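Q: Got a structure for you, questions after.
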Amino acid sequence: MNAKLILDNELKDSQSTEIIKVYSPWDGAEIGSLAAANESEAKYAVESAAQAFKTWRYSNLSDRIAILSKAHTLLSQRIPELAQLLKSEIAKNYADAKSEIERSLEYLELTIDAARFLKGKSFNADMFPKYERGRKQAVYKREGLGVVLAISPFNYPINLSITKIAPALIMGNTVVFKPATVGALTAFEFYKAFIEAGLPKGVLNFVTGSSSKIGDVLLTHPQISLIAFTGSTRVGDHIKKVSNGVPLLLELGGKDNAIVTANADLDRAASEIVSGAFSYNGQRCTAQKLVLVYESIAAELINKIQSKMQELQMTPMIDAGAANYVQELVQDAKDKGAQIIIEGTREGNLLKPSLISNITPQMRLFKEEQFGPVLPIVLVSSEQQAIEYANMSDFGLQASVYTKDLEEAYRIADQLEVGTVQINGRGDRGPDNYPFGGIKGSGMAMQGLEESLELMSRGKLTVLNLYNQKH
Ligand code: G3H
C-alpha cells in the first residue's frame, strides 16, 4: 500500500519522488510507503487550504453535513478492511483496531449532530438605563478560524485525527493534516474517503514526510490559525515555542496515578489497573502508569494484580526504541533497590509485562512516562502522602481513585491536579463525547464534542444599533 500526498484533492507523489518505507512492527516486513513531502509542498498545503477557506467558510452547514455524512457512509462499509490495515501498521490487536475505527465514525456522527444543534446567543442592552428597549441588540455566532493544522500520533492515527478534523471542518475551517509516519497508511485510506465524499479542493490537504524537514514549515506558517496536536510532551513544548501565538490544542503525555485506598474493592481495582496499564502495551497517554497503594492492603492488591496479569496477551511495541526505553527504566528501578515481582522478557520488540513494587521518588519510573508494559507500585502510608506523591508529577492528565467510600473518593479527587479523575475506573479518554484535556506537562485546552466545536471556532458579535424602536 502506498500513501500519496493529497493536495487540492489530487493524490500526488512528492515532486522529489522521495518516499518513506513503512515496516510492520509485527515482523519487520515492508508493508508500504509514504510520499515524503518537501518544504515547498508543505507550504503549498497550507496556502491551498487558506485559499479554500475563503469559500468553505461561507458554505451552508447543510452542505458540510451532507459531505461529512457521505464520508461516514463510505467508511462504515470498510470497517474490517481499515481495521486490518491499522492492525498491521501499528500492532494493535484486531479488536482494538476495529474499535478505534468504530468509535471514530461514531464521533464523526455525533459531531455532525452537535453542529446541527449548536446555538448562538443574542444580547439586549436594556438592563442599562441609557439604552432604551430595542436600541442596541446583538447576535453572537461562531465562525471558522481559518486553516487548522492537525497532527496525530502513532497510537490512534484515526481517532486522534477525527477528533480534530471533524469539528474543524464542520465549523467551516479548512485543514492540513500531518499524521505521524507510523499510522499514516490507514490515515491516508480513511481521509481519501472525505475527498470522494465531495469536499471541495483544498479543504482537507494530507501531508506526510519527515518532521525534521517539514514540521517547522507547517508549525510556523503564518496562515495557520490553530494547531491541534497529540503526541509527546517534548514535541508539545517545541510547538509552544515556535507557534507564533496561534491557539493551541495540545494533548501530550500522562503519568496517570491510580490511588488505591484501604476502602477499595480490590478485585475491581486490580482488574481496572491491569487493563488500564497494559492495553495496547501501555502505549496510551491515559494508561495507568503508577499505582499508589496504602501499605495495609498492598500485598493483597499486588497478589490480585499479579494473577490478572497472567491473562494478558501482548502485541509488539511500536519500535525497538520504545522497548529499549522501558527496559532502561526497569533496570534503573532494579539498580536502586525496587522489588521486581514480574520481569517481562523480551523477544524482538515483543515485551512481556513487568510488575515492580517499592518504587521510590528517586527512581525514574516514579516520574517518567514509560509508555510501555511496566506497572510501578509505590507504597503510601496516608491519604495525604498519596495526594502529595500524585501531585509531584510533571503531568496532569488523569488519575484514578479506588475506594468504596464516596466521601473519601470525592475528597481525594478534589485535590488531584489533573484534567480528569476516574472513581473506581481506569484512565480513559472516552467515551468521546466527554470533555478531555490535561494540565501541566499533559497539554492545554479541553476537547470533547461541544468543547471541540468551540475550540475550532471563534465567537463573532454583530451589534445592531437601532434608533426608532419606540412603539
Ligand atoms: O494516547 C492518548 C489517547 O488520547 C488515549 O486515549 O484513553 O482512548 O486510550 P484512550
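Naming works like this for the C-alpha cells: A, B, ... for the chains as they're shown, residue 1 at the start of each chain, ligands 1 onward in shown order.
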How would you write, as a list in words, the set of residues no farther than 8 Å from ligand 1 when counting only C-alpha atoms and all ligand atoms?
A: Asn155, Tyr156, Leu160, Thr230, Gly231, Glu251, Leu252, Gly253, Gln283, Arg284, Cys285, Thr286, Ala287, Gly427, Asp428, Arg429, Gly430 and Pro431 of chain A
Q: So which residues of stretch 237-352 of chain A fall under strand (DSSP E or B) by DSSP, listed as a list in words?
A: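 DSSP on the backbone gives strand (DSSP E or B) at Leu248, Leu249, Leu250, Glu251, Asp256, Asn257, Ala258, Ile259, Val260, Gln288, Lys289, Leu290, Val291, Leu292, Val293, Tyr294, Gln339, Ile340, Ile341, Ile342, Arg346, Glu347, Leu350 and Leu351 of chain A.
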Q: Name all residues at most 9 Å from A:Leu464 (count only C-alpha atoms; drop same-chain ones fewer than 4 positions away) and give them as a PDB file with all heavy atoms, in the first residue's frame.
A:
```pdb
ATOM      1  N   ARG A 135     -32.878  49.365  21.468  1.00  0.00           N
ATOM      2  CA  ARG A 135     -31.926  50.320  20.913  1.00  0.00           C
ATOM      3  C   ARG A 135     -30.622  49.648  20.436  1.00  0.00           C
ATOM      4  O   ARG A 135     -30.066  50.010  19.395  1.00  0.00           O
ATOM      5  CB  ARG A 135     -31.659  51.381  22.004  1.00  0.00           C
ATOM      6  CG  ARG A 135     -30.402  52.169  21.891  1.00  0.00           C
ATOM      7  CD  ARG A 135     -30.455  53.196  20.762  1.00  0.00           C
ATOM      8  NE  ARG A 135     -29.194  53.892  20.698  1.00  0.00           N
ATOM      9  CZ  ARG A 135     -28.092  53.418  20.127  1.00  0.00           C
ATOM     10  NH1 ARG A 135     -28.120  52.239  19.522  1.00  0.00           N
ATOM     11  NH2 ARG A 135     -26.970  54.094  20.129  1.00  0.00           N
ATOM     12  N   LYS A 136     -30.179  48.687  21.191  1.00  0.00           N
ATOM     13  CA  LYS A 136     -28.893  48.048  20.858  1.00  0.00           C
ATOM     14  C   LYS A 136     -29.045  46.541  21.035  1.00  0.00           C
ATOM     15  O   LYS A 136     -29.175  46.063  22.149  1.00  0.00           O
ATOM     16  CB  LYS A 136     -27.831  48.582  21.838  1.00  0.00           C
ATOM     17  CG  LYS A 136     -26.420  48.617  21.299  1.00  0.00           C
ATOM     18  CD  LYS A 136     -25.529  49.213  22.351  1.00  0.00           C
ATOM     19  CE  LYS A 136     -24.283  49.911  21.912  1.00  0.00           C
ATOM     20  NZ  LYS A 136     -23.930  50.227  20.604  1.00  0.00           N
ATOM     21  N   GLN A 137     -29.036  45.811  19.945  1.00  0.00           N
ATOM     22  CA  GLN A 137     -29.221  44.354  20.044  1.00  0.00           C
ATOM     23  C   GLN A 137     -28.059  43.662  19.330  1.00  0.00           C
ATOM     24  O   GLN A 137     -27.541  44.189  18.356  1.00  0.00           O
ATOM     25  CB  GLN A 137     -30.529  43.949  19.375  1.00  0.00           C
ATOM     26  CG  GLN A 137     -31.725  44.650  19.980  1.00  0.00           C
ATOM     27  CD  GLN A 137     -33.008  44.245  19.296  1.00  0.00           C
ATOM     28  OE1 GLN A 137     -33.237  43.071  19.020  1.00  0.00           O
ATOM     29  NE2 GLN A 137     -33.860  45.220  19.024  1.00  0.00           N
ATOM     30  N   ALA A 138     -27.718  42.507  19.831  1.00  0.00           N
ATOM     31  CA  ALA A 138     -26.548  41.847  19.234  1.00  0.00           C
ATOM     32  C   ALA A 138     -26.787  40.367  18.997  1.00  0.00           C
ATOM     33  O   ALA A 138     -27.480  39.705  19.766  1.00  0.00           O
ATOM     34  CB  ALA A 138     -25.339  42.033  20.136  1.00  0.00           C
ATOM     35  N   VAL A 139     -26.189  39.895  17.934  1.00  0.00           N
ATOM     36  CA  VAL A 139     -26.210  38.464  17.607  1.00  0.00           C
ATOM     37  C   VAL A 139     -24.790  37.951  17.764  1.00  0.00           C
ATOM     38  O   VAL A 139     -23.842  38.549  17.249  1.00  0.00           O
ATOM     39  CB  VAL A 139     -26.661  38.258  16.139  1.00  0.00           C
ATOM     40  CG1 VAL A 139     -26.546  36.792  15.755  1.00  0.00           C
ATOM     41  CG2 VAL A 139     -28.070  38.768  15.941  1.00  0.00           C
TER      42      VAL A 139
END
```
Q: DSSP on the backbone, then: every residue of stretch 126-187 of chain A marked alpha helix (DSSP H), written as a tab-separated table (two decimals) with N, CA, C and O atoms, in the first residue's frame.
A:
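Writing the result to out-v5.tsv gives the following:
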```tsv
chain	number	residue	atom	x	y	z
A	159	ASN	N	-8.52	7.89	15.42
A	159	ASN	CA	-9.33	8.57	16.42
A	159	ASN	C	-8.75	9.91	16.84
A	159	ASN	O	-9.49	10.87	17.10
A	160	LEU	N	-7.43	9.98	16.91
A	160	LEU	CA	-6.85	11.26	17.35
A	160	LEU	C	-6.66	12.23	16.18
A	160	LEU	O	-6.10	13.30	16.33
A	161	SER	N	-7.15	11.83	15.00
A	161	SER	CA	-7.24	12.81	13.91
A	161	SER	C	-8.70	13.21	13.69
A	161	SER	O	-8.99	14.40	13.54
A	162	ILE	N	-9.61	12.25	13.77
A	162	ILE	CA	-11.01	12.61	13.50
A	162	ILE	C	-11.53	13.58	14.58
A	162	ILE	O	-12.34	14.46	14.30
A	163	THR	N	-11.03	13.43	15.82
A	163	THR	CA	-11.49	14.32	16.88
A	163	THR	C	-10.96	15.76	16.69
A	163	THR	O	-11.37	16.66	17.41
A	164	LYS	N	-10.06	15.92	15.76
A	164	LYS	CA	-9.61	17.27	15.40
A	164	LYS	C	-10.27	17.70	14.09
A	164	LYS	O	-10.79	18.81	13.95
A	165	ILE	N	-10.25	16.79	13.11
A	165	ILE	CA	-10.64	17.16	11.75
A	165	ILE	C	-12.16	17.34	11.61
A	165	ILE	O	-12.63	18.28	10.97
A	166	ALA	N	-12.94	16.45	12.25
A	166	ALA	CA	-14.41	16.57	12.11
A	166	ALA	C	-14.91	17.90	12.67
A	166	ALA	O	-15.61	18.65	11.97
A	167	PRO	N	-14.55	18.28	13.92
A	167	PRO	CA	-15.04	19.58	14.40
A	167	PRO	C	-14.48	20.75	13.60
A	167	PRO	O	-15.17	21.75	13.39
A	168	ALA	N	-13.24	20.61	13.12
A	168	ALA	CA	-12.66	21.72	12.34
A	168	ALA	C	-13.47	21.93	11.06
A	168	ALA	O	-13.88	23.06	10.75
A	169	LEU	N	-13.72	20.85	10.32
A	169	LEU	CA	-14.41	21.00	9.04
A	169	LEU	C	-15.86	21.47	9.22
A	169	LEU	O	-16.33	22.34	8.50
A	170	ILE	N	-16.54	20.90	10.21
A	170	ILE	CA	-17.96	21.23	10.34
A	170	ILE	C	-18.13	22.70	10.75
A	170	ILE	O	-19.13	23.33	10.44
A	184	ALA	N	0.21	6.30	9.13
A	184	ALA	CA	-0.21	7.18	8.04
A	184	ALA	C	-0.86	6.44	6.88
A	184	ALA	O	-1.64	7.02	6.13
A	185	LEU	N	-0.58	5.14	6.74
A	185	LEU	CA	-1.22	4.40	5.64
A	185	LEU	C	-2.73	4.33	5.88
A	185	LEU	O	-3.53	4.58	4.98
A	186	THR	N	-3.10	3.97	7.10
A	186	THR	CA	-4.54	3.89	7.42
A	186	THR	C	-5.17	5.27	7.34
A	186	THR	O	-6.29	5.43	6.84
A	187	ALA	N	-4.45	6.26	7.83
A	187	ALA	CA	-4.98	7.63	7.80
A	187	ALA	C	-5.24	8.05	6.35
A	187	ALA	O	-6.28	8.66	6.05
```
Q: Excluding A:Thr208 and any residue of its chain fewer than 6 positions from it, enumerate the residues within 12 Å of it, using only C-alpha atoms, and give them as a CSV table (one decimal) with all heavy atoms, in the first residue's frame.
A:
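Saved as around31.csv:
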```csv
chain,number,residue,atom,x,y,z
A,2,ASN,N,0.6,2.1,-0.9
A,2,ASN,CA,1.4,3.4,-1.0
A,2,ASN,C,0.5,4.6,-0.8
A,2,ASN,O,-0.4,4.8,-1.5
A,2,ASN,CB,2.1,3.5,-2.3
A,2,ASN,CG,3.0,2.3,-2.6
A,2,ASN,OD1,3.7,1.8,-1.7
A,2,ASN,ND2,2.9,1.7,-3.8
A,3,ALA,N,0.9,5.4,0.2
A,3,ALA,CA,0.1,6.6,0.5
A,3,ALA,C,0.7,7.7,-0.2
A,3,ALA,O,2.0,7.9,-0.3
A,3,ALA,CB,0.1,6.9,2.0
A,4,LYS,N,-0.1,8.6,-0.8
A,4,LYS,CA,0.3,9.8,-1.5
A,4,LYS,C,0.0,11.0,-0.7
A,4,LYS,O,-0.7,10.9,0.3
A,4,LYS,CB,-0.4,9.8,-2.9
A,4,LYS,CG,-0.5,8.5,-3.6
A,4,LYS,CD,0.2,8.6,-4.9
A,4,LYS,CE,0.2,7.3,-5.6
A,4,LYS,NZ,1.3,7.1,-6.5
A,5,LEU,N,0.5,12.1,-1.2
A,5,LEU,CA,0.0,13.4,-0.6
A,5,LEU,C,-1.4,13.7,-1.2
A,5,LEU,O,-1.7,13.3,-2.3
A,5,LEU,CB,1.0,14.5,-1.0
A,5,LEU,CG,2.5,14.3,-0.8
A,5,LEU,CD1,3.3,15.5,-1.3
A,5,LEU,CD2,2.7,14.1,0.7
A,6,ILE,N,-2.2,14.4,-0.4
A,6,ILE,CA,-3.5,14.9,-1.0
A,6,ILE,C,-3.4,16.4,-1.0
A,6,ILE,O,-3.4,17.0,0.1
A,6,ILE,CB,-4.7,14.4,-0.2
A,6,ILE,CG1,-4.7,12.8,-0.1
A,6,ILE,CG2,-6.0,14.8,-1.0
A,6,ILE,CD1,-5.9,12.2,0.7
A,7,LEU,N,-3.2,17.0,-2.2
A,7,LEU,CA,-3.1,18.4,-2.3
A,7,LEU,C,-4.2,18.8,-3.4
A,7,LEU,O,-4.2,18.3,-4.5
A,7,LEU,CB,-1.7,18.8,-2.8
A,7,LEU,CG,-0.6,18.5,-1.8
A,7,LEU,CD1,0.8,18.8,-2.5
A,7,LEU,CD2,-0.7,19.2,-0.5
A,12,LYS,N,-0.9,12.8,-5.0
A,12,LYS,CA,0.3,13.1,-5.7
A,12,LYS,C,1.5,12.4,-5.0
A,12,LYS,O,1.6,12.3,-3.8
A,12,LYS,CB,0.6,14.6,-5.6
A,12,LYS,CG,-0.4,15.4,-6.4
A,12,LYS,CD,0.0,16.8,-6.4
A,12,LYS,CE,-0.8,17.6,-7.4
A,12,LYS,NZ,-0.7,19.0,-7.3
A,13,ASP,N,2.5,12.0,-5.8
A,13,ASP,CA,3.8,11.7,-5.2
A,13,ASP,C,4.5,13.0,-4.9
A,13,ASP,O,4.1,14.1,-5.5
A,13,ASP,CB,4.6,10.9,-6.3
A,13,ASP,CG,4.0,9.5,-6.5
A,13,ASP,OD1,3.6,8.9,-5.5
A,13,ASP,OD2,3.9,9.1,-7.7
A,14,SER,N,5.5,12.9,-4.1
A,14,SER,CA,6.3,14.2,-3.9
A,14,SER,C,7.1,14.5,-5.1
A,14,SER,O,7.5,13.6,-5.8
A,14,SER,CB,7.3,13.9,-2.7
A,14,SER,OG,8.2,15.0,-2.6
A,18,GLU,N,10.7,11.4,-3.4
A,18,GLU,CA,11.2,10.7,-2.2
A,18,GLU,C,10.1,10.0,-1.5
A,18,GLU,O,8.9,10.5,-1.5
A,18,GLU,CB,11.8,11.8,-1.2
A,18,GLU,CG,12.8,11.3,-0.3
A,18,GLU,CD,13.3,12.3,0.7
A,18,GLU,OE1,13.5,13.5,0.3
A,18,GLU,OE2,13.3,12.0,1.9
A,19,ILE,N,10.4,8.8,-1.0
A,19,ILE,CA,9.4,8.1,-0.2
A,19,ILE,C,9.9,7.6,1.1
A,19,ILE,O,11.1,7.6,1.3
A,19,ILE,CB,8.9,6.8,-1.0
A,19,ILE,CG1,10.0,5.9,-1.3
A,19,ILE,CG2,8.0,7.1,-2.2
A,19,ILE,CD1,9.6,4.5,-1.7
A,20,ILE,N,9.0,7.3,2.0
A,20,ILE,CA,9.4,6.7,3.3
A,20,ILE,C,8.8,5.3,3.3
A,20,ILE,O,7.6,5.1,3.2
A,20,ILE,CB,8.8,7.5,4.5
A,20,ILE,CG1,9.3,9.0,4.5
A,20,ILE,CG2,9.1,6.9,5.8
A,20,ILE,CD1,8.7,9.9,5.4
A,21,LYS,N,9.7,4.4,3.5
A,21,LYS,CA,9.2,3.0,3.5
A,21,LYS,C,8.6,2.7,4.9
A,21,LYS,O,9.1,3.1,5.9
A,21,LYS,CB,10.4,2.0,3.3
A,21,LYS,CG,10.8,2.0,1.8
A,21,LYS,CD,11.9,1.0,1.6
A,21,LYS,CE,12.2,1.0,0.1
A,21,LYS,NZ,13.3,0.2,-0.3
A,33,SER,N,4.6,2.3,1.5
A,33,SER,CA,5.4,3.5,1.6
A,33,SER,C,4.6,4.8,1.6
A,33,SER,O,3.4,4.8,1.3
A,33,SER,CB,6.3,3.6,0.3
A,33,SER,OG,5.5,3.8,-0.8
A,34,LEU,N,5.2,5.9,2.0
A,34,LEU,CA,4.5,7.2,2.1
A,34,LEU,C,5.3,8.2,1.2
A,34,LEU,O,6.5,8.1,1.1
A,34,LEU,CB,4.6,7.8,3.5
A,34,LEU,CG,4.2,6.9,4.7
A,34,LEU,CD1,4.5,7.6,6.0
A,34,LEU,CD2,2.7,6.5,4.6
A,35,ALA,N,4.6,9.1,0.6
A,35,ALA,CA,5.3,10.2,-0.1
A,35,ALA,C,5.9,11.1,0.9
A,35,ALA,O,5.2,11.4,1.9
A,35,ALA,CB,4.3,10.9,-1.0
A,36,ALA,N,7.1,11.5,0.7
A,36,ALA,CA,7.8,12.4,1.7
A,36,ALA,C,7.7,13.8,1.1
A,36,ALA,O,8.4,14.2,0.1
A,36,ALA,CB,9.2,12.0,1.9
A,37,ALA,N,6.8,14.6,1.6
A,37,ALA,CA,6.7,16.0,1.1
A,37,ALA,C,7.9,16.8,1.4
A,37,ALA,O,8.6,16.6,2.4
A,37,ALA,CB,5.5,16.7,1.8
A,38,ASN,N,8.2,17.7,0.5
A,38,ASN,CA,9.4,18.6,0.7
A,38,ASN,C,8.8,19.9,1.3
A,38,ASN,O,7.6,20.1,1.4
A,38,ASN,CB,10.2,18.8,-0.5
A,38,ASN,CG,9.4,19.4,-1.7
A,38,ASN,OD1,8.4,20.1,-1.5
A,38,ASN,ND2,9.8,19.1,-2.9
A,39,GLU,N,9.7,20.9,1.5
A,39,GLU,CA,9.3,22.1,2.1
A,39,GLU,C,8.3,22.9,1.3
A,39,GLU,O,7.3,23.4,1.8
A,39,GLU,CB,10.6,23.0,2.2
A,39,GLU,CG,10.8,23.7,3.5
A,39,GLU,CD,12.1,24.4,3.6
A,39,GLU,OE1,13.1,23.8,4.0
A,39,GLU,OE2,12.1,25.6,3.3
A,41,GLU,N,6.1,21.7,-0.8
A,41,GLU,CA,4.8,21.0,-0.8
A,41,GLU,C,4.1,21.3,0.6
A,41,GLU,O,2.9,21.4,0.6
A,41,GLU,CB,5.0,19.5,-1.0
A,41,GLU,CG,5.3,19.2,-2.5
A,41,GLU,CD,6.0,17.9,-2.7
A,41,GLU,OE1,6.7,17.4,-1.8
A,41,GLU,OE2,5.9,17.4,-3.9
A,42,ALA,N,4.9,21.3,1.6
A,42,ALA,CA,4.3,21.6,2.9
A,42,ALA,C,3.7,23.0,2.9
A,42,ALA,O,2.5,23.2,3.4
A,42,ALA,CB,5.3,21.5,4.0
A,45,ALA,N,0.5,23.1,0.8
A,45,ALA,CA,-0.6,22.5,1.5
A,45,ALA,C,-1.4,23.6,2.3
A,45,ALA,O,-2.6,23.7,2.3
A,45,ALA,CB,-0.2,21.4,2.4
A,150,ALA,N,-3.7,19.9,11.9
A,150,ALA,CA,-3.9,18.7,12.7
A,150,ALA,C,-2.8,17.7,12.6
A,150,ALA,O,-2.4,17.4,11.5
A,150,ALA,CB,-5.2,18.0,12.3
A,151,ILE,N,-2.2,17.3,13.8
A,151,ILE,CA,-1.1,16.4,13.8
A,151,ILE,C,-1.5,15.3,14.8
A,151,ILE,O,-1.8,15.5,16.0
A,151,ILE,CB,0.2,17.1,14.3
A,151,ILE,CG1,0.4,18.3,13.4
A,151,ILE,CG2,1.4,16.1,14.2
A,151,ILE,CD1,1.6,19.2,13.9
A,152,SER,N,-1.4,14.0,14.3
A,152,SER,CA,-1.9,12.9,15.1
A,152,SER,C,-0.7,12.0,15.4
A,152,SER,O,0.3,11.9,14.6
A,152,SER,CB,-3.0,12.1,14.4
A,152,SER,OG,-2.4,11.6,13.2
A,176,VAL,N,-5.0,21.2,7.3
A,176,VAL,CA,-3.8,20.5,6.8
A,176,VAL,C,-3.6,19.4,7.8
A,176,VAL,O,-3.4,19.7,9.0
A,176,VAL,CB,-2.6,21.4,6.6
A,176,VAL,CG1,-1.4,20.6,6.3
A,176,VAL,CG2,-2.9,22.5,5.6
A,177,PHE,N,-3.6,18.2,7.3
A,177,PHE,CA,-3.4,17.1,8.3
A,177,PHE,C,-2.1,16.4,8.0
A,177,PHE,O,-1.8,15.9,6.9
A,177,PHE,CB,-4.6,16.1,8.1
A,177,PHE,CG,-4.4,14.8,8.8
A,177,PHE,CD1,-3.9,14.8,10.1
A,177,PHE,CD2,-4.8,13.6,8.3
A,177,PHE,CE1,-3.7,13.6,10.8
A,177,PHE,CE2,-4.7,12.4,9.0
A,177,PHE,CZ,-4.2,12.4,10.3
A,178,LYS,N,-1.3,16.3,9.1
A,178,LYS,CA,0.0,15.6,9.0
A,178,LYS,C,0.0,14.5,10.1
A,178,LYS,O,0.1,14.8,11.3
A,178,LYS,CB,1.1,16.6,9.3
A,178,LYS,CG,2.4,16.0,9.9
A,178,LYS,CD,3.5,15.8,8.8
A,178,LYS,CE,4.8,15.2,9.4
A,178,LYS,NZ,4.7,13.9,10.1
A,179,PRO,N,-0.2,13.3,9.7
A,179,PRO,CA,-0.2,12.2,10.6
A,179,PRO,C,1.2,11.8,10.9
A,179,PRO,O,2.2,12.1,10.1
A,179,PRO,CB,-0.9,11.0,9.9
A,179,PRO,CG,-0.6,11.3,8.4
A,179,PRO,CD,-0.5,12.8,8.3
A,180,ALA,N,1.5,11.1,12.1
A,180,ALA,CA,2.8,10.6,12.3
A,180,ALA,C,3.1,9.5,11.2
A,180,ALA,O,2.1,8.9,10.7
A,180,ALA,CB,2.8,9.9,13.7
A,181,THR,N,4.3,9.3,10.9
A,181,THR,CA,4.7,8.4,9.9
A,181,THR,C,4.1,7.0,10.1
A,181,THR,O,3.5,6.4,9.2
A,181,THR,CB,6.2,8.3,9.8
A,181,THR,OG1,6.6,9.6,9.4
A,181,THR,CG2,6.7,7.3,8.8
A,182,VAL,N,4.1,6.6,11.4
A,182,VAL,CA,3.6,5.3,11.7
A,182,VAL,C,2.0,5.5,11.9
A,182,VAL,O,1.6,6.2,12.8
A,182,VAL,CB,4.2,4.7,13.0
A,182,VAL,CG1,3.6,3.3,13.3
A,182,VAL,CG2,5.7,4.6,12.8
A,183,GLY,N,1.3,4.8,11.1
A,183,GLY,CA,-0.2,5.0,11.1
A,183,GLY,C,-0.7,5.8,9.9
A,183,GLY,O,-1.9,5.9,9.7
A,184,ALA,N,0.2,6.3,9.1
A,184,ALA,CA,-0.2,7.2,8.0
A,184,ALA,C,-0.9,6.4,6.9
A,184,ALA,O,-1.6,7.0,6.1
A,184,ALA,CB,1.0,8.0,7.5
A,185,LEU,N,-0.6,5.1,6.7
A,185,LEU,CA,-1.2,4.4,5.6
A,185,LEU,C,-2.7,4.3,5.9
A,185,LEU,O,-3.5,4.6,5.0
A,185,LEU,CB,-0.7,3.0,5.5
A,185,LEU,CG,0.8,2.8,5.1
A,185,LEU,CD1,1.2,1.3,5.1
A,185,LEU,CD2,1.1,3.4,3.7
A,187,ALA,N,-4.4,6.3,7.8
A,187,ALA,CA,-5.0,7.6,7.8
A,187,ALA,C,-5.2,8.1,6.4
A,187,ALA,O,-6.3,8.7,6.1
A,187,ALA,CB,-4.0,8.6,8.5
A,188,PHE,N,-4.3,7.7,5.5
A,188,PHE,CA,-4.5,8.1,4.1
A,188,PHE,C,-5.8,7.4,3.5
A,188,PHE,O,-6.6,8.1,2.9
A,188,PHE,CB,-3.3,7.6,3.3
A,188,PHE,CG,-3.4,7.7,1.8
A,188,PHE,CD1,-3.4,9.0,1.2
A,188,PHE,CD2,-3.5,6.6,1.0
A,188,PHE,CE1,-3.5,9.1,-0.2
A,188,PHE,CE2,-3.6,6.7,-0.4
A,188,PHE,CZ,-3.6,8.0,-1.0
A,214,ILE,N,9.7,19.0,7.4
A,214,ILE,CA,8.6,19.9,7.2
A,214,ILE,C,7.8,20.3,8.4
A,214,ILE,O,6.9,21.1,8.3
A,214,ILE,CB,7.6,19.2,6.2
A,214,ILE,CG1,7.1,17.8,6.8
A,214,ILE,CG2,8.2,19.0,4.8
A,214,ILE,CD1,5.9,17.3,6.0
A,215,GLY,N,8.2,19.8,9.6
A,215,GLY,CA,7.5,20.1,10.8
A,215,GLY,C,7.4,21.6,11.1
A,215,GLY,O,6.3,22.2,11.2
A,218,LEU,N,5.4,23.8,8.6
A,218,LEU,CA,3.9,23.8,8.9
A,218,LEU,C,3.6,24.6,10.2
A,218,LEU,O,2.7,25.4,10.2
A,218,LEU,CB,3.4,22.3,9.1
A,218,LEU,CG,3.5,21.4,7.8
A,218,LEU,CD1,3.2,20.0,8.2
A,218,LEU,CD2,2.5,21.9,6.8
```
Q: Using only C-alpha atoms, can you tell me which of A:Met392, A:Val401, A:Val246, A:Val175 comes closest to A:Gln51?
A: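 Once distances to A:Gln51 are computed over only C-alpha atoms, the minimum belongs to A:Val175.
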Q: State, in Å with one decimal place, the distance from atom CA of A:Ala97 to atom CA of A:Ser24.
A: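 For atom CA of A:Ala97 relative to atom CA of A:Ser24, the distance reads 14.8 Å.
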Q: Please determine, counting only C-alpha atoms, which residue among A:Leu110, A:Met1, A:Ala277, A:Val207 has the shortest atom-to-atom distance to A:Leu85.
A: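 Looking only at the distances to A:Leu85, the closest residue turns out to be A:Met1.
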Q: Name the closest residue to A:Glu295 among the candidates A:Ala29, A:Ala322, A:Ile259, A:Ile342; distances are taken between atoms, counting only C-alpha atoms.
A: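 Closest to A:Glu295, using only C-alpha atoms: A:Ile259.
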Q: List the neighbours of A:Asn244 out to 12 Å using only C-alpha atoms; skip same-chain residues closer than 6 positions along the sequence, and give me the result as an NGL selection string.
A: :A and (216 or 218-227 or 238)
Q: Show which residues sit within 12 Å of A:Pro247, as JSON, numbers by chain. Count only C-alpha atoms, and ignore same-chain residues fewer than 3 positions away.
A: {"A": [145, 146, 147, 148, 149, 219, 224, 225, 226, 227, 228, 229, 239, 240, 243, 244, 250, 444, 445, 455, 456, 457, 458]}
Q: Return the single residue from A:Lys460, A:Glu132, A:Pro80, A:Ala399 that is closest to A:Ala258, with distances computed using only C-alpha atoms.
A: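 Smallest separation from A:Ala258 among the options: A:Ala399.
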Q: A:Glu383, A:Asp256, A:Glu10, A:Asp96: which is nearest A:Ile273, counting only C-alpha atoms?
A: A:Asp256
Q: One number please: atom CA of A:Gly459 to atom CA of A:Arg142, in Å, one decimal.
A: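 If I compute the distance from atom CA of A:Gly459 to atom CA of A:Arg142, I get 4.5 Å.
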Q: Which residues are close to A:Ser442, i.e. within 12 Å by only C-alpha atoms, leaving aside same-chain residues fewer than 4 positions away? Reply as a PyMOL selection string.
A: chain A and resi 229-237+249-256+285-286+369+393-398+417-420+436-438+446
Q: For the selection you just gave me, I'd like the residues written to a file as a tab-separated table (two decimals), in the first residue's frame, keeping C-alpha atoms.
A:
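Wrote it out as result_0.tsv, contents follow:
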```
chain	number	residue	atom	x	y	z
A	229	PHE	CA	-1.50	18.25	18.22
A	230	THR	CA	-1.44	14.96	20.11
A	231	GLY	CA	1.94	13.49	20.90
A	232	SER	CA	4.86	13.73	23.25
A	233	THR	CA	5.41	16.47	25.81
A	234	ARG	CA	8.81	17.13	24.22
A	235	VAL	CA	7.27	17.95	20.84
A	236	GLY	CA	4.43	19.82	22.55
A	237	ASP	CA	6.99	22.07	24.25
A	249	LEU	CA	-4.88	22.30	21.40
A	250	LEU	CA	-2.18	20.10	22.91
A	251	GLU	CA	-2.81	16.59	24.15
A	252	LEU	CA	0.52	15.43	25.48
A	253	GLY	CA	1.88	12.74	27.78
A	254	GLY	CA	0.44	11.44	31.00
A	255	LYS	CA	1.59	9.64	34.12
A	256	ASP	CA	-1.80	8.59	35.39
A	285	CYS	CA	-1.42	8.64	27.30
A	286	THR	CA	-4.22	7.63	29.69
A	369	GLU	CA	6.24	8.23	31.39
A	393	SER	CA	4.03	14.61	38.78
A	394	ASP	CA	5.10	16.85	35.92
A	395	PHE	CA	1.98	15.60	34.13
A	396	GLY	CA	-1.69	16.24	34.87
A	397	LEU	CA	-3.86	14.21	32.53
A	398	GLN	CA	-5.98	11.76	34.52
A	417	GLU	CA	-4.04	18.26	39.88
A	418	VAL	CA	-5.33	16.63	36.69
A	419	GLY	CA	-7.90	17.19	33.96
A	420	THR	CA	-9.99	14.10	34.80
A	436	PHE	CA	-10.96	15.70	27.87
A	437	GLY	CA	-7.80	17.64	28.49
A	438	GLY	CA	-4.71	17.82	30.64
A	446	MET	CA	-10.33	20.87	26.65
```
